Amino acid sequence: MRKNPRLLVVWWSNTGGTTQLVEAAVQMTQKLGSDPNYCEVIEGRCDRISAAALLAADGYLFATPECLGGIAGPMKSFFDRCYYPLLGKLNGHPYASMICAGSDGEGAIRQIDRIATGWRLKPVAPALKVITGAQTPLAIGTPKRIDPSDLARAEELAGTLAAGLALGLW
C-alpha cells in the first residue's frame with residue numbers, strides 16, 4: 001500500500017438524500033485528511049467513475065438510493081461497466097456502503113454486498129442505512145433533507161474507513 005492510501009467514494013443520488021450523506025462523509029475525511037500522512041479521498045458520481053479509478057484506489061465507499069428494492073439504475077450501470085474488467089484485480093480491498101431508502105434499504109445493501117463479494121472486496125463496517133419514510137409518489141420524488149444524526153453516522157463511517165486505510169488496518 002502507498003504512503004497515502006486513496007479512498008474512492010462512488011455515489012448516485014436521485015433526490016438529494018444520498019448527496020447529503022456523501023457530502024458529510026467527504027467533509028469528515030477532509031477534516032481528518034489535514035494530516036499529511038493520512039488518506040487521500042476522491043469522490044465522484046458513478047457515471048463519471050472509470051474502472052481505472054477503482055484500480056487506483058485502495059478502498060471504496062459506495063453510496064446510492066434504493067430504487068424499487070435495489071440500487072439506483074446509474075449505480076447498476078457503473079457496476080455493469082466495471083465488474084468484469086476488474087474481476088480478480090481488487091481482491092482484499094476494503095469497502096463500506098451507504099443506502100438512502102424510503103422504507104427498507106435491504107435490497108440495495110444485498111446487491112452491493114453481492115457485487116463486492118464477486119470482486120473479493122473486504123467489508124469493514126455494516127452498511128449505513130438511512131430511512132426517509134417516503135412512501136407516496138409525491139414524497140418519493142420530493143428532495144430529501146437528511147437528519148443531522150444520520151449525517152453524523154455518514155461522517156463516522158467515512159472517518160472509520162479512511163482512518164483504517166491510513167493506519168494500514170485493512
# chains A, B, ... in the order shown; residues from 1 in each chain; ligands from 1
>>> residues_around(residues="Leu61 in chain A", least_positions_apart="5", cutoff="12 Å", atoms="only C-alpha atoms", output="mmCIF file with N, CA and C atoms, in the first residue's frame")
data_model
loop_
_atom_site.group_PDB
_atom_site.id
_atom_site.type_symbol
_atom_site.label_atom_id
_atom_site.label_comp_id
_atom_site.auth_asym_id
_atom_site.auth_seq_id
_atom_site.Cartn_x
_atom_site.Cartn_y
_atom_site.Cartn_z
ATOM 1 N N ARG A 6 -5.621 5.795 -0.974
ATOM 2 C CA ARG A 6 -6.736 6.513 -1.598
ATOM 3 C C ARG A 6 -8.060 5.823 -1.298
ATOM 4 N N LEU A 7 -9.002 6.617 -0.830
ATOM 5 C CA LEU A 7 -10.376 6.174 -0.628
ATOM 6 C C LEU A 7 -11.203 6.772 -1.755
ATOM 7 N N LEU A 8 -11.885 5.922 -2.500
ATOM 8 C CA LEU A 8 -12.744 6.367 -3.594
ATOM 9 C C LEU A 8 -14.204 6.271 -3.154
ATOM 10 N N VAL A 9 -14.907 7.392 -3.213
ATOM 11 C CA VAL A 9 -16.328 7.446 -2.880
ATOM 12 C C VAL A 9 -17.095 7.499 -4.198
ATOM 13 N N VAL A 10 -17.859 6.453 -4.464
ATOM 14 C CA VAL A 10 -18.637 6.341 -5.700
ATOM 15 C C VAL A 10 -20.101 6.438 -5.319
ATOM 16 N N TRP A 11 -20.852 7.353 -5.955
ATOM 17 C CA TRP A 11 -22.217 7.590 -5.498
ATOM 18 C C TRP A 11 -23.163 7.985 -6.630
ATOM 19 N N TRP A 12 -24.442 7.903 -6.274
ATOM 20 C CA TRP A 12 -25.520 8.417 -7.118
ATOM 21 C C TRP A 12 -26.616 8.914 -6.198
ATOM 22 N N LEU A 21 -25.487 12.642 2.342
ATOM 23 C CA LEU A 21 -24.673 11.662 3.061
ATOM 24 C C LEU A 21 -23.234 11.687 2.561
ATOM 25 N N VAL A 22 -23.063 11.759 1.243
ATOM 26 C CA VAL A 22 -21.722 11.786 0.653
ATOM 27 C C VAL A 22 -20.996 13.065 1.055
ATOM 28 N N ALA A 25 -19.797 12.702 4.545
ATOM 29 C CA ALA A 25 -18.696 11.737 4.598
ATOM 30 C C ALA A 25 -17.398 12.361 4.092
ATOM 31 N N VAL A 26 -17.468 13.043 2.971
ATOM 32 C CA VAL A 26 -16.268 13.642 2.376
ATOM 33 C C VAL A 26 -15.741 14.781 3.252
ATOM 34 N N THR A 29 -13.748 13.247 6.074
ATOM 35 C CA THR A 29 -12.439 12.733 5.668
ATOM 36 C C THR A 29 -11.493 13.877 5.322
ATOM 37 N N VAL A 41 -8.813 11.334 -0.382
ATOM 38 C CA VAL A 41 -10.195 10.978 -0.696
ATOM 39 C C VAL A 41 -10.568 11.552 -2.047
ATOM 40 N N ILE A 42 -11.080 10.681 -2.897
ATOM 41 C CA ILE A 42 -11.541 11.064 -4.230
ATOM 42 C C ILE A 42 -13.002 10.657 -4.302
ATOM 43 N N GLU A 43 -13.857 11.559 -4.741
ATOM 44 C CA GLU A 43 -15.274 11.201 -4.860
ATOM 45 C C GLU A 43 -15.784 11.583 -6.228
ATOM 46 N N GLY A 44 -16.785 10.829 -6.671
ATOM 47 C CA GLY A 44 -17.385 11.133 -7.953
ATOM 48 C C GLY A 44 -18.674 10.374 -8.178
ATOM 49 N N ARG A 45 -19.548 11.006 -8.932
ATOM 50 C CA ARG A 45 -20.783 10.329 -9.328
ATOM 51 C C ARG A 45 -20.430 9.096 -10.139
ATOM 52 N N CYS A 46 -21.210 8.073 -9.983
ATOM 53 C CA CYS A 46 -20.901 6.785 -10.609
ATOM 54 C C CYS A 46 -20.831 6.848 -12.131
ATOM 55 N N LEU A 54 -11.090 2.917 -9.992
ATOM 56 C CA LEU A 54 -11.186 1.861 -8.973
ATOM 57 C C LEU A 54 -9.834 1.191 -8.763
ATOM 58 N N HIS A 93 -9.437 -5.444 -1.128
ATOM 59 C CA HIS A 93 -9.625 -4.018 -0.861
ATOM 60 C C HIS A 93 -10.831 -3.835 0.066
ATOM 61 N N PRO A 94 -10.754 -2.912 1.017
ATOM 62 C CA PRO A 94 -11.868 -2.685 1.935
ATOM 63 C C PRO A 94 -12.967 -1.836 1.297
ATOM 64 N N TYR A 95 -14.190 -2.048 1.781
ATOM 65 C CA TYR A 95 -15.300 -1.221 1.307
ATOM 66 C C TYR A 95 -16.349 -1.092 2.399
ATOM 67 N N ALA A 96 -17.190 -0.086 2.217
ATOM 68 C CA ALA A 96 -18.393 0.110 3.025
ATOM 69 C C ALA A 96 -19.433 0.731 2.097
ATOM 70 N N SER A 97 -20.676 0.762 2.552
ATOM 71 C CA SER A 97 -21.725 1.340 1.719
ATOM 72 C C SER A 97 -22.706 2.164 2.541
ATOM 73 N N MET A 98 -23.351 3.096 1.848
ATOM 74 C CA MET A 98 -24.400 3.927 2.441
ATOM 75 C C MET A 98 -25.620 3.855 1.520
ATOM 76 N N ILE A 99 -26.767 3.582 2.122
ATOM 77 C CA ILE A 99 -28.009 3.457 1.369
ATOM 78 C C ILE A 99 -29.028 4.436 1.923
ATOM 79 N N ILE A 112 -25.232 -4.584 -3.389
ATOM 80 C CA ILE A 112 -23.842 -4.118 -3.309
ATOM 81 C C ILE A 112 -22.965 -5.195 -2.688
ATOM 82 N N ASP A 113 -23.441 -5.826 -1.631
ATOM 83 C CA ASP A 113 -22.642 -6.873 -0.978
ATOM 84 C C ASP A 113 -22.355 -8.035 -1.926
ATOM 85 N N ALA A 116 -19.674 -6.846 -4.332
ATOM 86 C CA ALA A 116 -18.403 -6.768 -3.596
ATOM 87 C C ALA A 116 -17.837 -8.157 -3.321
ATOM 88 N N LEU A 121 -13.958 -8.028 -2.385
ATOM 89 C CA LEU A 121 -13.700 -6.898 -1.508
ATOM 90 C C LEU A 121 -13.946 -7.318 -0.063
ATOM 91 N N LYS A 122 -13.358 -6.583 0.857
ATOM 92 C CA LYS A 122 -13.469 -6.897 2.281
ATOM 93 C C LYS A 122 -14.404 -5.880 2.951
ATOM 94 N N PRO A 123 -15.550 -6.336 3.469
ATOM 95 C CA PRO A 123 -16.429 -5.395 4.172
ATOM 96 C C PRO A 123 -15.788 -5.013 5.509
ATOM 97 N N VAL A 124 -15.732 -3.721 5.811
ATOM 98 C CA VAL A 124 -15.088 -3.290 7.043
ATOM 99 C C VAL A 124 -16.051 -2.636 8.027
ATOM 100 N N ALA A 125 -17.302 -2.472 7.633
ATOM 101 C CA ALA A 125 -18.326 -1.911 8.517
ATOM 102 C C ALA A 125 -19.690 -2.297 7.970
ATOM 103 N N PRO A 126 -20.671 -2.425 8.848
ATOM 104 C CA PRO A 126 -22.028 -2.670 8.348
ATOM 105 C C PRO A 126 -22.481 -1.502 7.484
ATOM 106 N N ALA A 127 -23.320 -1.784 6.514
ATOM 107 C CA ALA A 127 -23.852 -0.724 5.652
ATOM 108 C C ALA A 127 -24.615 0.299 6.485
ATOM 109 N N LEU A 128 -24.434 1.551 6.133
ATOM 110 C CA LEU A 128 -25.210 2.623 6.745
ATOM 111 C C LEU A 128 -26.518 2.730 5.971
ATOM 112 N N ALA A 154 -22.899 9.089 8.748
ATOM 113 C CA ALA A 154 -22.136 9.046 7.493
ATOM 114 C C ALA A 154 -20.703 9.527 7.731
ATOM 115 N N GLU A 155 -20.558 10.575 8.522
ATOM 116 C CA GLU A 155 -19.216 11.062 8.874
ATOM 117 C C GLU A 155 -18.423 9.981 9.598
ATOM 118 N N LEU A 157 -18.826 6.684 9.550
ATOM 119 C CA LEU A 157 -18.485 5.575 8.662
ATOM 120 C C LEU A 157 -17.291 5.934 7.773
ATOM 121 N N ALA A 158 -17.339 7.093 7.151
ATOM 122 C CA ALA A 158 -16.249 7.512 6.272
ATOM 123 C C ALA A 158 -14.955 7.718 7.057
ATOM 124 N N GLY A 159 -15.076 8.313 8.229
ATOM 125 C CA GLY A 159 -13.893 8.512 9.060
ATOM 126 C C GLY A 159 -13.254 7.202 9.465
ATOM 127 N N THR A 160 -14.073 6.216 9.797
ATOM 128 C CA THR A 160 -13.565 4.897 10.161
ATOM 129 C C THR A 160 -12.858 4.239 8.991
ATOM 130 N N LEU A 161 -13.480 4.280 7.822
ATOM 131 C CA LEU A 161 -12.891 3.666 6.629
ATOM 132 C C LEU A 161 -11.568 4.350 6.264
ATOM 133 N N ALA A 162 -11.564 5.677 6.263
ATOM 134 C CA ALA A 162 -10.346 6.412 5.913
ATOM 135 C C ALA A 162 -9.245 6.196 6.954
ATOM 136 N N LEU A 165 -7.680 2.783 6.537
ATOM 137 C CA LEU A 165 -6.772 2.784 5.388
ATOM 138 C C LEU A 165 -5.451 3.470 5.753
#
>>> residues_around(residues="Ile115 in chain A", least_positions_apart="5", cutoff="12 Å", atoms="only C-alpha atoms", output="PyMOL selection string")
chain A and resi 62+71+75-76+78-80+82-84+86-87+90+95+97+108-110+120-123
>>> write_last_selection(atoms="C-alpha atoms", output="compact mmCIF listing (two decimals), in the first residue's frame")
# COMPACT_ATOMS: atom_id res chain seq x y z
CA PHE A 62 -20.38 3.10 -2.33
CA ILE A 71 -29.54 0.07 -6.21
CA MET A 75 -25.17 2.77 -9.94
CA LYS A 76 -26.12 -0.56 -11.51
CA PHE A 78 -21.48 1.65 -13.08
CA PHE A 79 -21.11 -1.84 -11.65
CA ASP A 80 -22.07 -3.42 -15.00
CA CYS A 82 -16.63 -2.05 -14.28
CA TYR A 83 -17.37 -5.51 -12.91
CA TYR A 84 -15.79 -7.86 -15.48
CA LEU A 86 -11.84 -5.61 -12.68
CA LEU A 87 -12.65 -9.19 -11.73
CA LEU A 90 -9.49 -5.69 -6.44
CA TYR A 95 -15.30 -1.22 1.31
CA SER A 97 -21.72 1.34 1.72
CA ALA A 108 -29.74 -2.35 -2.20
CA ILE A 109 -27.44 -3.48 0.61
CA ARG A 110 -27.64 -7.10 -0.55
CA ARG A 120 -13.48 -10.22 -3.34
CA LEU A 121 -13.70 -6.90 -1.51
CA LYS A 122 -13.47 -6.90 2.28
CA PRO A 123 -16.43 -5.39 4.17
>>> closest_residue(among="A:Asp58, A:Ala152, A:Ala53, A:Pro65", to="Glu23 in chain A", atoms="only C-alpha atoms")
A:Ala152
>>> closest_residue(among="A:Leu151, A:Ala101, A:Ala52, A:Cys39", to="Ala139 in chain A", atoms="only C-alpha atoms")
A:Ala101
>>> select_by_dssp(residues="range 21-154 of chain A", states="helix (DSSP H, G or I)", output="ChimeraX atom specification")
/A:21-32,46-48,51-55,73-86,106-118,137-141,148-154
>>> closest_residue(among="A:Arg48, A:Thr18, A:Cys67, A:Ala134", to="Glu106 in chain A", atoms="only C-alpha atoms")
A:Cys67
